[in-house]
$ cat work.pdb   # PDB, C-alpha atoms
ATOM      1  CA  MET G1468     126.800 122.482  72.452
ATOM      2  CA  THR G1469     127.516 118.743  72.409
ATOM      3  CA  ARG G1470     129.193 118.935  75.786
ATOM      4  CA  MET G1471     126.183 120.749  77.278
ATOM      5  CA  LEU G1472     123.821 118.143  75.840
ATOM      6  CA  ALA G1473     125.927 115.321  77.276
ATOM      7  CA  THR G1474     125.945 117.016  80.686
ATOM      8  CA  LEU G1475     122.171 117.405  80.592
ATOM      9  CA  MET G1476     121.728 113.745  79.688
ATOM     10  CA  VAL G1477     123.942 112.642  82.587
ATOM     11  CA  CYS G1478     122.011 114.864  84.993
ATOM     12  CA  ALA G1479     118.673 113.541  83.743
ATOM     13  CA  ALA G1480     119.838 109.951  84.158
ATOM     14  CA  ALA G1481     121.085 110.663  87.678
ATOM     15  CA  ALA G1482     117.773 112.262  88.624
ATOM     16  CA  ALA G1483     115.808 109.267  87.342
ATOM     17  CA  LEU G1484     117.673 106.751  89.511
ATOM     18  CA  PRO G1485     116.227 107.807  92.891
ATOM     19  CA  VAL G1486     112.701 107.878  91.449
ATOM     20  CA  SER G1487     112.965 104.286  90.261
ATOM     21  CA  ALA G1488     114.444 103.245  93.615
ATOM     22  CA  PHE G1489     111.484 104.760  95.463
ATOM     23  CA  ALA G1490     109.091 103.051  93.074
ATOM     24  CA  GLN G1491     110.736  99.683  93.737
ATOM     25  CA  ASN G1492     110.534 100.275  97.509
ATOM     26  CA  ASP G1493     106.851 101.225  97.203
ATOM     27  CA  ASN G1494     106.145  98.129  95.121
ATOM     28  CA  ALA G1495     107.884  95.869  97.643
ATOM     29  CA  TYR G1496     106.058  97.483 100.588
ATOM     30  CA  CYS G1497     102.723  97.313  98.770
ATOM     31  CA  SER G1498     103.321  93.632  98.078
ATOM     32  CA  ALA G1499     104.157  93.006 101.740
ATOM     33  CA  LEU G1500     100.970  94.809 102.798
ATOM     34  CA  ALA G1501      98.903  92.785 100.322
ATOM     35  CA  GLN G1502     100.353  89.494 101.558
ATOM     36  CA  LYS G1503      99.675  90.410 105.170
ATOM     37  CA  TYR G1504      96.107  91.501 104.343
ATOM     38  CA  GLN G1505      95.402  88.293 102.461
ATOM     39  CA  ARG G1506      96.899  86.169 105.225
ATOM     40  CA  TYR G1507      95.230  87.792 108.229
ATOM     41  CA  VAL G1508      92.090  89.439 106.879
ATOM     42  CA  GLY G1509      91.125  88.468 103.346
ATOM     43  CA  ASP G1510      91.514  84.711 103.208
ATOM     44  CA  ASN G1511      91.102  83.875 106.855
ATOM     45  CA  GLU G1512      87.429  83.335 107.660
ATOM     46  CA  PHE G1513      87.979  81.814 111.074
ATOM     47  CA  ARG G1514      90.191  84.349 112.863
ATOM     48  CA  HIS G1515      88.469  87.511 111.669
ATOM     49  CA  ARG G1516      84.840  86.608 111.113
ATOM     50  CA  SER G1517      83.744  90.169 111.879
ATOM     51  CA  GLN G1518      86.061  91.598 109.217
ATOM     52  CA  GLN G1519      84.446  91.485 105.770
ATOM     53  CA  ARG G1520      86.541  91.350 102.624
ATOM     54  CA  ASP G1521      86.471  94.789 100.996
ATOM     55  CA  ALA G1522      86.275  95.285  97.216
ATOM     56  CA  THR G1523      88.181  98.567  97.538
ATOM     57  CA  VAL G1524      91.071  96.762  99.195
ATOM     58  CA  ASP G1525      90.944  94.014  96.576
ATOM     59  CA  ALA G1526      91.212  96.680  93.862
ATOM     60  CA  ALA G1527      94.138  98.297  95.669
ATOM     61  CA  ILE G1528      95.916  94.944  95.913
ATOM     62  CA  THR G1529      95.381  94.379  92.203
ATOM     63  CA  ALA G1530      96.779  97.857  91.465
ATOM     64  CA  CYS G1531      99.911  97.393  93.623
ATOM     65  CA  PRO G1532     102.283  96.614  90.731
ATOM     66  CA  THR G1533     101.155  99.599  88.658
ATOM     67  CA  ASN G1534     100.061 102.175  91.246
ATOM     68  CA  ALA G1535     101.647 101.318  94.576
ATOM     69  CA  SER G1536     101.589 104.879  95.926
ATOM     70  CA  ALA G1537      97.783 104.984  95.716
ATOM     71  CA  SER G1538      97.299 101.410  96.919
ATOM     72  CA  ILE G1539      99.447 101.634 100.054
ATOM     73  CA  PRO G1540      97.157 103.928 102.131
ATOM     74  CA  VAL G1541      94.088 101.816 101.318
ATOM     75  CA  ILE G1542      95.697  98.548 102.407
ATOM     76  CA  GLU G1543      97.359 100.137 105.448
ATOM     77  CA  LYS G1544      93.976 101.438 106.662
ATOM     78  CA  ALA G1545      92.329  98.047 106.169
ATOM     79  CA  LEU G1546      95.057  96.337 108.187
ATOM     80  CA  GLN G1547      94.865  98.959 110.946
ATOM     81  CA  ASP G1548      91.067  98.636 111.056
ATOM     82  CA  ALA G1549      91.502  94.878 111.496
ATOM     83  CA  GLN G1550      94.065  95.562 114.241
ATOM     84  CA  VAL G1551      96.829  93.846 112.296
ATOM     85  CA  SER G1552     100.290  95.366 112.627
ATOM     86  CA  LEU G1553     101.848  96.827 109.508
ATOM     87  CA  PRO G1554     104.992  95.264 108.060
ATOM     88  CA  PRO G1555     108.183  97.316 108.352
ATOM     89  CA  ARG G1556     108.774  99.765 105.521
ATOM     90  CA  THR G1557     112.268  99.561 104.086
TER      91      THR G1557
END
$ encode --input "work.pdb" --output "structure tokens"
Amino acid sequence: MTRMLATLMVCAAAAALPVSAFAQNDNAYCSALAQKYQRYVGDNEFRHRSQQRDATVDAAITACPTNASASIPVIEKALQDAQVSLPPRT
């Protein structure tokens, strides 16, 4: 019984590792998207006067550290709409 429990614990730990790796990759990509948005769309009044700052995108940027998977599509769309290339996803 103890051996089976130990095996289950090892398997559970091994399964959790890839999930945390994906979460870290999503967080890094979300942060890169947010920086690019703020640089080329959000904070730059002179280059993109026609592009208005969007509260939905601001909320997505704020949520990046806690909910990157939901924030990424919102920021990607805003960058694409502003015709700004997306950063590479690693």
$ resolve_selection --input "work.pdb" --expression "the PyMOL selection byres ((chain G and resi 1538) around 12)" --output "PDB file with C-alpha atoms, in the frame of the given file"
ATOM      1  CA  ASP G1493     106.851 101.225  97.203  1.00  0.00           C
ATOM      2  CA  ASN G1494     106.145  98.129  95.121  1.00  0.00           C
ATOM      3  CA  ALA G1495     107.884  95.869  97.643  1.00  0.00           C
ATOM      4  CA  TYR G1496     106.058  97.483 100.588  1.00  0.00           C
ATOM      5  CA  CYS G1497     102.723  97.313  98.770  1.00  0.00           C
ATOM      6  CA  SER G1498     103.321  93.632  98.078  1.00  0.00           C
ATOM      7  CA  ALA G1499     104.157  93.006 101.740  1.00  0.00           C
ATOM      8  CA  LEU G1500     100.970  94.809 102.798  1.00  0.00           C
ATOM      9  CA  ALA G1501      98.903  92.785 100.322  1.00  0.00           C
ATOM     10  CA  THR G1523      88.181  98.567  97.538  1.00  0.00           C
ATOM     11  CA  VAL G1524      91.071  96.762  99.195  1.00  0.00           C
ATOM     12  CA  ASP G1525      90.944  94.014  96.576  1.00  0.00           C
ATOM     13  CA  ALA G1526      91.212  96.680  93.862  1.00  0.00           C
ATOM     14  CA  ALA G1527      94.138  98.297  95.669  1.00  0.00           C
ATOM     15  CA  ILE G1528      95.916  94.944  95.913  1.00  0.00           C
ATOM     16  CA  THR G1529      95.381  94.379  92.203  1.00  0.00           C
ATOM     17  CA  ALA G1530      96.779  97.857  91.465  1.00  0.00           C
ATOM     18  CA  CYS G1531      99.911  97.393  93.623  1.00  0.00           C
ATOM     19  CA  PRO G1532     102.283  96.614  90.731  1.00  0.00           C
ATOM     20  CA  THR G1533     101.155  99.599  88.658  1.00  0.00           C
ATOM     21  CA  ASN G1534     100.061 102.175  91.246  1.00  0.00           C
ATOM     22  CA  ALA G1535     101.647 101.318  94.576  1.00  0.00           C
ATOM     23  CA  SER G1536     101.589 104.879  95.926  1.00  0.00           C
ATOM     24  CA  ALA G1537      97.783 104.984  95.716  1.00  0.00           C
ATOM     25  CA  ILE G1539      99.447 101.634 100.054  1.00  0.00           C
ATOM     26  CA  PRO G1540      97.157 103.928 102.131  1.00  0.00           C
ATOM     27  CA  VAL G1541      94.088 101.816 101.318  1.00  0.00           C
ATOM     28  CA  ILE G1542      95.697  98.548 102.407  1.00  0.00           C
ATOM     29  CA  GLU G1543      97.359 100.137 105.448  1.00  0.00           C
ATOM     30  CA  LYS G1544      93.976 101.438 106.662  1.00  0.00           C
ATOM     31  CA  ALA G1545      92.329  98.047 106.169  1.00  0.00           C
TER      32      ALA G1545
END
$ atom_distance --input "work.pdb" --atom1 "atom CA of Pro1554 of chain G" --atom2 "atom CA of Lys1503 of chain G"
7.8 Å
$ atom_distance --input "work.pdb" --atom1 "atom CA of Ala1549 of chain G" --atom2 "atom CA of Asp1521 of chain G"
11.6 Å
$ decode --input "work.pdb" --residues "segment 1535-1555 of chain G" --atoms "N, CA and C atoms" --output "mmCIF file, in the first residue's frame"
data_model
loop_
_atom_site.group_PDB
_atom_site.id
_atom_site.type_symbol
_atom_site.label_atom_id
_atom_site.label_comp_id
_atom_site.auth_asym_id
_atom_site.auth_seq_id
_atom_site.Cartn_x
_atom_site.Cartn_y
_atom_site.Cartn_z
ATOM 1 N N ALA G 1535 -3.001 34.525 -17.555
ATOM 2 C CA ALA G 1535 -2.346 34.782 -18.836
ATOM 3 C C ALA G 1535 -3.088 34.147 -20.000
ATOM 4 N N SER G 1536 -3.627 32.951 -19.810
ATOM 5 C CA SER G 1536 -4.281 32.253 -20.926
ATOM 6 C C SER G 1536 -5.502 33.017 -21.440
ATOM 7 N N ALA G 1537 -6.190 33.739 -20.585
ATOM 8 C CA ALA G 1537 -7.326 34.547 -21.030
ATOM 9 C C ALA G 1537 -6.889 35.905 -21.557
ATOM 10 N N SER G 1538 -5.785 36.412 -21.061
ATOM 11 C CA SER G 1538 -5.306 37.738 -21.462
ATOM 12 C C SER G 1538 -4.637 37.734 -22.830
ATOM 13 N N ILE G 1539 -3.958 36.659 -23.161
ATOM 14 C CA ILE G 1539 -3.173 36.595 -24.401
ATOM 15 C C ILE G 1539 -4.007 36.892 -25.644
ATOM 16 N N PRO G 1540 -5.174 36.246 -25.858
ATOM 17 C CA PRO G 1540 -5.926 36.534 -27.092
ATOM 18 C C PRO G 1540 -6.388 37.987 -27.198
ATOM 19 N N VAL G 1541 -6.703 38.606 -26.068
ATOM 20 C CA VAL G 1541 -7.178 39.988 -26.073
ATOM 21 C C VAL G 1541 -6.062 40.931 -26.522
ATOM 22 N N ILE G 1542 -4.867 40.737 -25.967
ATOM 23 C CA ILE G 1542 -3.749 41.612 -26.304
ATOM 24 C C ILE G 1542 -3.248 41.331 -27.721
ATOM 25 N N GLU G 1543 -3.231 40.055 -28.116
ATOM 26 C CA GLU G 1543 -2.835 39.717 -29.483
ATOM 27 C C GLU G 1543 -3.741 40.410 -30.498
ATOM 28 N N LYS G 1544 -5.049 40.371 -30.272
ATOM 29 C CA LYS G 1544 -5.999 41.002 -31.201
ATOM 30 C C LYS G 1544 -5.776 42.505 -31.264
ATOM 31 N N ALA G 1545 -5.550 43.127 -30.122
ATOM 32 C CA ALA G 1545 -5.318 44.579 -30.110
ATOM 33 C C ALA G 1545 -4.062 44.935 -30.891
ATOM 34 N N LEU G 1546 -3.010 44.153 -30.743
ATOM 35 C CA LEU G 1546 -1.785 44.416 -31.499
ATOM 36 C C LEU G 1546 -2.006 44.197 -32.997
ATOM 37 N N GLN G 1547 -2.706 43.131 -33.352
ATOM 38 C CA GLN G 1547 -2.982 42.863 -34.768
ATOM 39 C C GLN G 1547 -3.850 43.956 -35.363
ATOM 40 N N ASP G 1548 -4.848 44.434 -34.606
ATOM 41 C CA ASP G 1548 -5.700 45.519 -35.089
ATOM 42 C C ASP G 1548 -4.900 46.805 -35.322
ATOM 43 N N ALA G 1549 -3.867 47.004 -34.516
ATOM 44 C CA ALA G 1549 -3.006 48.180 -34.671
ATOM 45 C C ALA G 1549 -1.894 47.944 -35.675
ATOM 46 N N GLN G 1550 -1.903 46.772 -36.306
ATOM 47 C CA GLN G 1550 -0.908 46.375 -37.299
ATOM 48 C C GLN G 1550 0.505 46.372 -36.726
ATOM 49 N N VAL G 1551 0.600 45.875 -35.493
ATOM 50 C CA VAL G 1551 1.888 45.710 -34.827
ATOM 51 C C VAL G 1551 2.173 44.213 -34.797
ATOM 52 N N SER G 1552 3.377 43.835 -35.188
ATOM 53 C CA SER G 1552 3.707 42.402 -35.219
ATOM 54 C C SER G 1552 3.793 41.849 -33.801
ATOM 55 N N LEU G 1553 3.402 40.585 -33.675
ATOM 56 C CA LEU G 1553 3.423 39.920 -32.382
ATOM 57 C C LEU G 1553 4.842 39.473 -32.049
ATOM 58 N N PRO G 1554 5.200 39.478 -30.764
ATOM 59 C CA PRO G 1554 6.516 38.959 -30.398
ATOM 60 C C PRO G 1554 6.547 37.454 -30.580
ATOM 61 N N PRO G 1555 7.724 36.877 -30.731
ATOM 62 C CA PRO G 1555 7.797 35.410 -30.888
ATOM 63 C C PRO G 1555 7.358 34.718 -29.606
#
